[in-house]
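Structure file run_18.pdb with PDB, C-alpha atoms:
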```pdb
ATOM      1  CA  MET B   1      -0.681  -0.649  -2.341
ATOM      2  CA  GLN B   2      -1.964  -3.649  -4.303
ATOM      3  CA  SER B   3      -5.569  -2.629  -3.734
ATOM      4  CA  LYS B   4      -4.745   0.917  -4.920
ATOM      5  CA  CYS B   5      -3.220  -0.502  -8.132
ATOM      6  CA  MET B   6      -6.351  -2.595  -8.632
ATOM      7  CA  VAL B   7      -8.510   0.515  -8.246
ATOM      8  CA  TYR B   8      -6.401   2.377 -10.846
ATOM      9  CA  LEU B   9      -6.523  -0.573 -13.236
ATOM     10  CA  THR B  10     -10.292  -0.874 -12.880
ATOM     11  CA  GLN B  11     -10.588   2.867 -13.461
ATOM     12  CA  CYS B  12      -8.467   2.664 -16.647
ATOM     13  CA  LYS B  13     -10.466  -0.323 -17.888
ATOM     14  CA  THR B  14     -13.764   1.500 -17.223
ATOM     15  CA  TYR B  15     -12.445   4.577 -19.001
ATOM     16  CA  LEU B  16     -11.356   2.645 -22.082
ATOM     17  CA  THR B  17     -14.673   0.755 -22.212
ATOM     18  CA  ILE B  18     -16.717   3.975 -21.980
ATOM     19  CA  ARG B  19     -14.461   5.647 -24.543
ATOM     20  CA  THR B  20     -14.913   2.738 -26.963
ATOM     21  CA  LEU B  21     -18.706   2.871 -26.493
ATOM     22  CA  ILE B  22     -18.764   6.629 -27.180
ATOM     23  CA  PHE B  23     -16.393   6.342 -30.112
ATOM     24  CA  THR B  24     -18.323   3.574 -31.860
ATOM     25  CA  SER B  25     -21.671   5.368 -31.507
ATOM     26  CA  ASN B  26     -23.157   6.430 -34.850
ATOM     27  CA  LYS B  27     -25.677   8.836 -33.336
ATOM     28  CA  MET B  28     -23.142  11.511 -32.396
ATOM     29  CA  SER B  29     -20.942  13.932 -34.318
ATOM     30  CA  THR B  30     -17.174  14.003 -33.746
ATOM     31  CA  GLY B  31     -17.470  17.162 -31.656
ATOM     32  CA  GLN B  32     -20.053  15.573 -29.377
ATOM     33  CA  LYS B  33     -17.988  12.392 -29.035
ATOM     34  CA  GLN B  34     -14.851  14.335 -28.096
ATOM     35  CA  ASN B  35     -16.740  16.229 -25.413
ATOM     36  CA  TYR B  36     -18.380  13.145 -23.937
ATOM     37  CA  ILE B  37     -14.892  11.603 -23.712
ATOM     38  CA  SER B  38     -13.635  14.795 -22.102
ATOM     39  CA  LEU B  39     -16.509  14.600 -19.599
ATOM     40  CA  VAL B  40     -15.616  11.032 -18.653
ATOM     41  CA  THR B  41     -11.920  11.986 -18.297
ATOM     42  CA  THR B  42     -12.784  14.947 -16.048
ATOM     43  CA  LEU B  43     -15.082  12.870 -13.855
ATOM     44  CA  LEU B  44     -12.647   9.964 -13.550
ATOM     45  CA  VAL B  45      -9.697  12.165 -12.600
ATOM     46  CA  SER B  46     -11.164  15.070 -10.638
ATOM     47  CA  VAL B  47     -13.775  13.304  -8.493
ATOM     48  CA  PRO B  48     -11.343  10.756  -6.902
ATOM     49  CA  TYR B  49      -8.832  13.578  -6.341
ATOM     50  CA  PHE B  50     -11.443  15.756  -4.582
ATOM     51  CA  ILE B  51     -12.574  12.827  -2.413
ATOM     52  CA  PHE B  52      -8.921  12.176  -1.483
ATOM     53  CA  ILE B  53      -8.298  15.868  -0.665
ATOM     54  CA  PHE B  54     -11.478  16.336   1.394
ATOM     55  CA  ASN B  55     -10.815  13.081   3.307
ATOM     56  CA  LYS B  56      -7.236  14.175   4.006
ATOM     57  CA  TYR B  57      -8.486  17.528   5.239
ATOM     58  CA  GLN B  58     -10.872  15.830   7.698
ATOM     59  CA  LEU B  59      -7.962  13.859   9.190
ATOM     60  CA  GLU B  60      -5.670  16.844   9.705
ATOM     61  CA  VAL B  61      -5.925  19.457  12.414
ATOM     62  CA  LEU B  62      -4.514  22.700  11.012
ATOM     63  CA  ASN B  63      -4.062  26.302  12.066
ATOM     64  CA  ILE B  64      -4.789  29.199   9.665
ATOM     65  CA  SER B  65      -1.391  29.169   7.892
ATOM     66  CA  GLY B  66      -1.491  25.377   7.737
ATOM     67  CA  GLU B  67      -4.923  25.531   6.136
ATOM     68  CA  LEU B  68      -3.707  28.042   3.534
ATOM     69  CA  ARG B  69      -0.740  25.795   2.728
ATOM     70  CA  PHE B  70      -2.914  22.693   2.532
ATOM     71  CA  TRP B  71      -5.445  24.175   0.093
ATOM     72  CA  SER B  72      -2.929  25.965  -2.103
ATOM     73  CA  THR B  73      -0.913  22.728  -2.396
ATOM     74  CA  ALA B  74      -4.116  20.846  -3.227
ATOM     75  CA  ILE B  75      -4.949  23.290  -6.043
ATOM     76  CA  LEU B  76      -1.372  23.392  -7.365
ATOM     77  CA  LEU B  77      -1.157  19.578  -7.366
ATOM     78  CA  LEU B  78      -4.374  19.315  -9.354
ATOM     79  CA  ILE B  79      -2.812  21.134 -12.331
ATOM     80  CA  PRO B  80      -0.020  18.596 -13.149
ATOM     81  CA  ILE B  81      -2.340  15.690 -12.280
ATOM     82  CA  ARG B  82      -4.915  16.932 -14.816
ATOM     83  CA  ILE B  83      -2.275  17.630 -17.492
ATOM     84  CA  VAL B  84      -0.585  14.220 -17.136
ATOM     85  CA  SER B  85      -3.892  12.338 -16.998
ATOM     86  CA  GLU B  86      -5.207  14.205 -20.071
ATOM     87  CA  ILE B  87      -2.035  13.302 -22.016
ATOM     88  CA  VAL B  88      -2.048   9.653 -20.909
ATOM     89  CA  MET B  89      -5.759   9.231 -21.600
ATOM     90  CA  SER B  90      -5.613  10.929 -24.995
ATOM     91  CA  ILE B  91      -2.678   8.679 -26.036
ATOM     92  CA  ALA B  92      -4.555   5.596 -24.797
ATOM     93  CA  GLY B  93      -7.677   6.779 -26.610
ATOM     94  CA  ALA B  94      -5.814   7.451 -29.884
ATOM     95  CA  VAL B  95      -4.247   3.974 -29.760
ATOM     96  CA  LEU B  96      -7.642   2.430 -29.072
ATOM     97  CA  GLN B  97      -9.214   4.411 -31.908
ATOM     98  CA  ALA B  98      -6.474   3.281 -34.307
ATOM     99  CA  ILE B  99      -7.023  -0.345 -33.252
ATOM    100  CA  ILE B 100     -10.809  -0.140 -33.738
ATOM    101  CA  THR B 101     -10.884   1.753 -37.036
ATOM    102  CA  GLY B 102      -7.479   0.785 -38.429
ATOM    103  CA  LYS B 103      -6.676   4.408 -39.287
ATOM    104  CA  GLU B 104      -5.397   7.471 -37.497
ATOM    105  CA  GLY B 105      -7.958   9.951 -36.190
ATOM    106  CA  LYS B 106      -8.071  13.360 -37.880
ATOM    107  CA  ASP B 107      -7.967  16.335 -35.542
ATOM    108  CA  LEU B 108      -9.573  18.889 -37.823
ATOM    109  CA  SER B 109     -11.168  21.964 -36.330
ATOM    110  CA  ASP B 110     -12.647  24.962 -38.111
ATOM    111  CA  GLU B 111     -14.255  28.355 -37.422
ATOM    112  CA  ARG B 112     -17.437  26.789 -36.030
ATOM    113  CA  ASP B 113     -15.412  24.742 -33.536
ATOM    114  CA  THR B 114     -13.575  27.916 -32.470
ATOM    115  CA  LEU B 115     -16.872  29.770 -31.962
ATOM    116  CA  ILE B 116     -18.336  26.885 -29.972
ATOM    117  CA  GLU B 117     -15.161  26.803 -27.854
ATOM    118  CA  LEU B 118     -15.395  30.561 -27.195
ATOM    119  CA  LYS B 119     -19.102  30.489 -26.312
ATOM    120  CA  SER B 120     -18.626  27.530 -23.972
ATOM    121  CA  THR B 121     -15.643  29.163 -22.253
ATOM    122  CA  ARG B 122     -17.720  32.314 -21.757
ATOM    123  CA  ASN B 123     -20.487  30.223 -20.130
ATOM    124  CA  ALA B 124     -17.947  28.542 -17.868
ATOM    125  CA  TYR B 125     -16.550  31.923 -16.800
ATOM    126  CA  PHE B 126     -20.042  33.095 -15.776
ATOM    127  CA  ILE B 127     -20.333  30.129 -13.406
ATOM    128  CA  PHE B 128     -16.835  30.642 -12.018
ATOM    129  CA  MET B 129     -17.357  34.397 -11.600
ATOM    130  CA  PHE B 130     -20.478  33.910  -9.449
ATOM    131  CA  SER B 131     -18.763  31.169  -7.454
ATOM    132  CA  PHE B 132     -15.743  33.387  -6.885
ATOM    133  CA  MET B 133     -18.046  36.083  -5.522
ATOM    134  CA  ALA B 134     -19.721  33.459  -3.312
ATOM    135  CA  ALA B 135     -16.285  32.404  -1.999
ATOM    136  CA  ILE B 136     -15.344  35.995  -1.141
ATOM    137  CA  LEU B 137     -18.775  36.529   0.422
ATOM    138  CA  ALA B 138     -18.294  33.412   2.580
ATOM    139  CA  VAL B 139     -15.038  34.798   4.004
ATOM    140  CA  SER B 140     -16.564  38.217   4.568
ATOM    141  CA  GLN B 141     -19.391  36.558   6.516
ATOM    142  CA  GLY B 142     -16.861  35.006   8.890
ATOM    143  CA  HIS B 143     -16.507  31.528   7.394
ATOM    144  CA  SER B 144     -13.116  29.821   7.454
ATOM    145  CA  VAL B 145     -10.514  29.801   4.675
ATOM    146  CA  SER B 146     -11.276  26.148   4.008
ATOM    147  CA  VAL B 147     -14.870  27.062   3.099
ATOM    148  CA  MET B 148     -13.555  29.613   0.600
ATOM    149  CA  PHE B 149     -11.143  27.128  -0.975
ATOM    150  CA  SER B 150     -13.796  24.395  -1.040
ATOM    151  CA  ILE B 151     -16.153  26.741  -2.899
ATOM    152  CA  LEU B 152     -13.350  27.677  -5.320
ATOM    153  CA  ILE B 153     -12.389  24.049  -6.029
ATOM    154  CA  ILE B 154     -15.994  22.904  -6.447
ATOM    155  CA  SER B 155     -16.859  25.901  -8.633
ATOM    156  CA  GLY B 156     -13.786  25.295 -10.801
ATOM    157  CA  PHE B 157     -14.978  21.731 -11.294
ATOM    158  CA  LEU B 158     -18.572  22.785 -11.955
ATOM    159  CA  SER B 159     -17.539  25.452 -14.460
ATOM    160  CA  GLU B 160     -15.461  22.848 -16.300
ATOM    161  CA  LEU B 161     -18.475  20.540 -16.430
ATOM    162  CA  PHE B 162     -20.648  23.437 -17.595
ATOM    163  CA  GLU B 163     -18.165  24.186 -20.379
ATOM    164  CA  ILE B 164     -18.270  20.577 -21.584
ATOM    165  CA  PHE B 165     -22.092  20.454 -21.432
ATOM    166  CA  SER B 166     -22.268  23.758 -23.316
ATOM    167  CA  LYS B 167     -20.082  22.330 -26.084
ATOM    168  CA  ILE B 168     -22.217  19.185 -26.285
ATOM    169  CA  TYR B 169     -25.350  21.364 -26.494
ATOM    170  CA  TYR B 170     -23.920  23.620 -29.237
ATOM    171  CA  TYR B 171     -22.652  20.677 -31.268
ATOM    172  CA  LYS B 172     -26.058  18.981 -30.980
ATOM    173  CA  LYS B 173     -27.918  22.168 -31.926
ATOM    174  CA  GLY B 174     -25.626  22.920 -34.862
ATOM    175  CA  PHE B 175     -24.318  26.093 -33.266
TER     176      PHE B 175
ATOM    177  CA  MET V   1     -42.144  40.476 -36.302
ATOM    178  CA  ILE V   2     -39.341  40.621 -38.834
ATOM    179  CA  LYS V   3     -36.992  37.638 -39.045
ATOM    180  CA  ARG V   4     -33.727  37.855 -40.948
ATOM    181  CA  HIS V   5     -31.681  34.859 -41.950
ATOM    182  CA  ILE V   6     -29.113  33.658 -44.446
ATOM    183  CA  THR V   7     -30.287  30.949 -46.813
ATOM    184  CA  ASN V   8     -28.218  28.903 -49.244
ATOM    185  CA  THR V   9     -28.457  26.565 -52.195
ATOM    186  CA  ILE V  10     -25.582  24.288 -51.208
ATOM    187  CA  ARG V  11     -27.678  21.131 -51.195
ATOM    188  CA  LYS V  12     -28.947  21.798 -54.732
ATOM    189  CA  LEU V  13     -25.475  22.780 -55.941
ATOM    190  CA  ARG V  14     -23.918  19.626 -54.522
ATOM    191  CA  PHE V  15     -26.493  17.581 -56.368
ATOM    192  CA  GLU V  16     -25.753  19.420 -59.615
ATOM    193  CA  HIS V  17     -22.000  18.889 -59.198
ATOM    194  CA  ASN V  18     -21.968  15.136 -59.721
ATOM    195  CA  GLU V  19     -23.812  14.520 -56.469
ATOM    196  CA  MET V  20     -20.919  15.789 -54.418
ATOM    197  CA  THR V  21     -21.033  14.495 -50.847
ATOM    198  CA  GLN V  22     -20.940  16.736 -47.789
ATOM    199  CA  GLU V  23     -17.594  15.157 -46.895
ATOM    200  CA  GLN V  24     -16.122  16.093 -50.306
ATOM    201  CA  LEU V  25     -17.373  19.658 -50.071
ATOM    202  CA  ALA V  26     -16.049  19.936 -46.514
ATOM    203  CA  GLU V  27     -12.631  18.746 -47.642
ATOM    204  CA  LYS V  28     -12.545  21.222 -50.543
ATOM    205  CA  ALA V  29     -13.683  24.120 -48.349
ATOM    206  CA  GLY V  30     -11.322  23.161 -45.528
ATOM    207  CA  VAL V  31     -13.926  22.583 -42.818
ATOM    208  CA  THR V  32     -15.504  19.618 -41.053
ATOM    209  CA  ARG V  33     -18.534  17.781 -42.442
ATOM    210  CA  GLN V  34     -20.523  18.850 -39.378
ATOM    211  CA  THR V  35     -20.026  22.511 -40.362
ATOM    212  CA  ILE V  36     -21.384  21.849 -43.858
ATOM    213  CA  VAL V  37     -24.370  20.041 -42.293
ATOM    214  CA  ALA V  38     -25.012  23.016 -39.976
ATOM    215  CA  ILE V  39     -24.761  25.508 -42.863
ATOM    216  CA  GLU V  40     -27.075  23.479 -45.111
ATOM    217  CA  LYS V  41     -29.671  23.231 -42.336
ATOM    218  CA  GLY V  42     -29.421  26.978 -41.763
ATOM    219  CA  ASN V  43     -28.248  26.494 -38.168
ATOM    220  CA  TYR V  44     -24.937  28.209 -38.738
ATOM    221  CA  SER V  45     -24.059  31.288 -40.795
ATOM    222  CA  PRO V  46     -20.520  30.935 -42.166
ATOM    223  CA  SER V  47     -17.918  33.678 -42.045
ATOM    224  CA  LEU V  48     -17.435  35.739 -45.190
ATOM    225  CA  GLU V  49     -14.189  33.889 -45.931
ATOM    226  CA  LEU V  50     -15.812  30.459 -45.674
ATOM    227  CA  ALA V  51     -18.774  31.623 -47.768
ATOM    228  CA  PHE V  52     -16.306  32.691 -50.491
ATOM    229  CA  ARG V  53     -14.461  29.373 -50.254
ATOM    230  CA  ILE V  54     -17.716  27.404 -50.640
ATOM    231  CA  ALA V  55     -18.748  29.570 -53.613
ATOM    232  CA  LEU V  56     -15.324  28.995 -55.191
ATOM    233  CA  VAL V  57     -15.760  25.216 -54.931
ATOM    234  CA  PHE V  58     -18.831  25.544 -57.188
ATOM    235  CA  ASN V  59     -17.193  28.224 -59.392
ATOM    236  CA  LEU V  60     -19.975  30.643 -58.579
ATOM    237  CA  SER V  61     -20.220  34.068 -57.038
ATOM    238  CA  ILE V  62     -21.128  34.314 -53.366
ATOM    239  CA  GLU V  63     -24.627  35.710 -54.025
ATOM    240  CA  GLU V  64     -25.429  32.722 -56.233
ATOM    241  CA  VAL V  65     -24.860  30.449 -53.239
ATOM    242  CA  PHE V  66     -25.967  32.562 -50.289
ATOM    243  CA  SER V  67     -28.788  35.039 -49.966
ATOM    244  CA  TYR V  68     -30.058  37.228 -47.168
ATOM    245  CA  GLU V  69     -33.769  36.914 -46.573
ATOM    246  CA  ILE V  70     -36.122  39.054 -44.579
ATOM    247  CA  GLU V  71     -39.226  37.262 -43.452
ATOM    248  CA  GLN V  72     -42.303  39.069 -42.163
ATOM    249  CA  LYS V  73     -44.006  37.069 -39.388
ATOM    250  CA  ASN V  74     -47.290  37.914 -37.666
TER     251      ASN V  74
END
```
Translate this structure into structure tokens?
Amino acid sequence: MQSKCMVYLTQCKTYLTIRTLIFTSNKMSTGQKQNYISLVTTLLVSVPYFIFIFNKYQLEVLNISGELRFWSTAILLLIPIRIVSEIVMSIAGAVLQAIITGKEGKDLSDERDTLIELKSTRNAYFIFMFSFMAAILAVSQGHSVSVMFSILIISGFLSELFEIFSKIYYYKKGF
Amino acid sequence: MIKRHITNTIRKLRFEHNEMTQEQLAEKAGVTRQTIVAIEKGNYSPSLELAFRIALVFNLSIEEVFSYEIEQKN
């Protein structure tokens, strides 16, 4: 338990350090900074969760209905974990930002931000669409349900990363 | 090859309006500074509404700020 707490604390400390480094950089625009922070948040939350889930799966011997229950629970649990961690990390980040700069951060977005958001989401959907087809194809070729869910989880993660990288690219390019 | 693009005189107009900064123009037009930078560089074509808002900041008509150019390239 104590070692787990230490891991979480180290993770939080790493996150805040990286966030401070990104935030204080003068070479990036606000949009780029926000997306780099989002990338760090995604990596710090999702990767440990996936490692935990895949390790847990290795330890359990399940039948077909058990496997379905295991993977659907894993996906459903990821949603509140991501929401809570996003909220906690954005609050921590806003506090840190206020401490560093001495003023509250403005959250202004305009039509260009909306277009970048839409283009990046479209790119992410392309990745997820192909992965979804790959998952269905895997089942049709006789692979187990766990292979399908693994492909879906990994592709969801990859499409999220692709969305963030797309945003960074568009912000860097101008549009 | 024919290349079409929207050009603008924002940079010149800012200079003529008491050396207005990009930040000030962005605030008046209701967008971020990065959007003004992208428009000035020609990387982003603003919506008609934003183009009107920018023109209004300088008290000019839209065609005095933005123009549509057709470039012939070989």
Using the chain letters and numbers from the file, which residues does the PyMOL selection byres ((chain V) within 7 of (chain B)) grab, as a JSON list (two decimals) with C-alpha atoms, in the coordinates of the input?
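Printed below is part.json as written:
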```json
[["chain", "number", "residue", "atom", "x", "y", "z"],
["V", 31, "VAL", "CA", -13.93, 22.58, -42.82],
["V", 32, "THR", "CA", -15.50, 19.62, -41.05],
["V", 35, "THR", "CA", -20.03, 22.51, -40.36],
["V", 38, "ALA", "CA", -25.01, 23.02, -39.98],
["V", 43, "ASN", "CA", -28.25, 26.49, -38.17],
["V", 44, "TYR", "CA", -24.94, 28.21, -38.74]]
```
What separation in Å, quoted to one decimal, exists between CA of Ser144 in chain B and CA of Tyr57 in chain B?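 Those two atoms sit 13.3 Å apart.
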Care to translate the PyMOL selection byres ((chain V and resi 40) around 10) into actual residues of this file, as a PyMOL selection string? chain V and resi 7-12+22+34-39+41-45
Nearest to Ala55 in chain V, chosen from V:Leu13, V:Ile70, V:Gln24, V:Arg4, with only C-alpha atoms counted in the distances: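 Of the candidates, the smallest distance to Ala55 in chain V is held by V:Leu13.
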Mind pulling up the distance from CA of Met148 in chain B to CA of Tyr125 in chain B? 17.8 Å
Tell me, as an mmCIF file with C-alpha atoms, in the frame of the given file, which residues lie within 12 Å of range 60-63 of chain V, counting all atoms listed in the file; anything in the same chain fewer than 6 positions away does not count.
```cif
data_model
loop_
_atom_site.group_PDB
_atom_site.id
_atom_site.type_symbol
_atom_site.label_atom_id
_atom_site.label_comp_id
_atom_site.auth_asym_id
_atom_site.auth_seq_id
_atom_site.Cartn_x
_atom_site.Cartn_y
_atom_site.Cartn_z
ATOM 1 C CA ILE V 6 -29.113 33.658 -44.446
ATOM 2 C CA THR V 7 -30.287 30.949 -46.813
ATOM 3 C CA ASN V 8 -28.218 28.903 -49.244
ATOM 4 C CA THR V 9 -28.457 26.565 -52.195
ATOM 5 C CA ILE V 10 -25.582 24.288 -51.208
ATOM 6 C CA LEU V 13 -25.475 22.780 -55.941
ATOM 7 C CA HIS V 17 -22.000 18.889 -59.198
ATOM 8 C CA PRO V 46 -20.520 30.935 -42.166
ATOM 9 C CA SER V 47 -17.918 33.678 -42.045
ATOM 10 C CA LEU V 48 -17.435 35.739 -45.190
ATOM 11 C CA GLU V 49 -14.189 33.889 -45.931
ATOM 12 C CA LEU V 50 -15.812 30.459 -45.674
ATOM 13 C CA ALA V 51 -18.774 31.623 -47.768
ATOM 14 C CA PHE V 52 -16.306 32.691 -50.491
ATOM 15 C CA ARG V 53 -14.461 29.373 -50.254
ATOM 16 C CA ILE V 54 -17.716 27.404 -50.640
ATOM 17 C CA GLU V 69 -33.769 36.914 -46.573
#
```
Taking all atoms of range 107-112 of chain B that the file lists, what box with edges along x, y and z, padded by 6 Å per side, do you get, with centre and edge lengths in Å to one decimal, as JSON?
```
{"center_x": -12.7, "center_y": 22.3, "center_z": -36.8, "size_x": 21.5, "size_y": 24.0, "size_z": 14.6}
```
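Minimum atom-to-atom distances from B:Ile99, B:Met129, B:Leu152, B:Val45 to Ser72 in chain B were compared using all atoms listed in the file, and the lowest value belongs to B:Leu152.
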For the atom pair CA of Met1 in chain V and CA of Tyr169 in chain B, what is the interatomic distance in Å to one decimal place?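 Those two atoms sit 27.3 Å apart.
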Would you kindly return, as a list in words, each protein, DNA or RNA residue with an atom no farther than 7 Å from any atom of Ile151 in chain B, considering all atoms listed in the file and excluding same-chain residues fewer than 3 positions away?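 Here the qualifying residues turn out to be Ser131, Ala135, Val147, Met148, Ile154 and Ser155 of chain B.
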Selection under test: the PyMOL selection byres ((chain B and resi 76-78) around 12); residues as a ChimeraX atom specification: /B:42,45-50,52-53,69-75,79-86,153,156-157
Nearest to Ala92 in chain B among B:Ala138, B:Phe162, B:Thr41, B:Lys119, with distances taken over all atoms listed in the file: which residue is it?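 Residue with the minimum atom-to-atom distance to Ala92 in chain B: B:Thr41.
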At a cut-off of 10 Å, using only C-alpha atoms, what residues contact Leu118 in chain B? Leave out same-chain residues fewer than 6 positions from it and give the result as a PDB file with C-alpha atoms, in the frame of the given file.
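Written file, result-v3.pdb:
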```
ATOM      1  CA  ARG B 112     -17.437  26.789 -36.030  1.00  0.00           C
ATOM      2  CA  ALA B 124     -17.947  28.542 -17.868  1.00  0.00           C
ATOM      3  CA  GLU B 163     -18.165  24.186 -20.379  1.00  0.00           C
ATOM      4  CA  LYS B 167     -20.082  22.330 -26.084  1.00  0.00           C
TER       5      LYS B 167
END
```
Which one of V:His5, V:Glu16, V:Thr21, V:Glu27 sits closest to Ser67 in chain V if you count all atoms listed in the file?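 Smallest separation from Ser67 in chain V among the options: V:His5.
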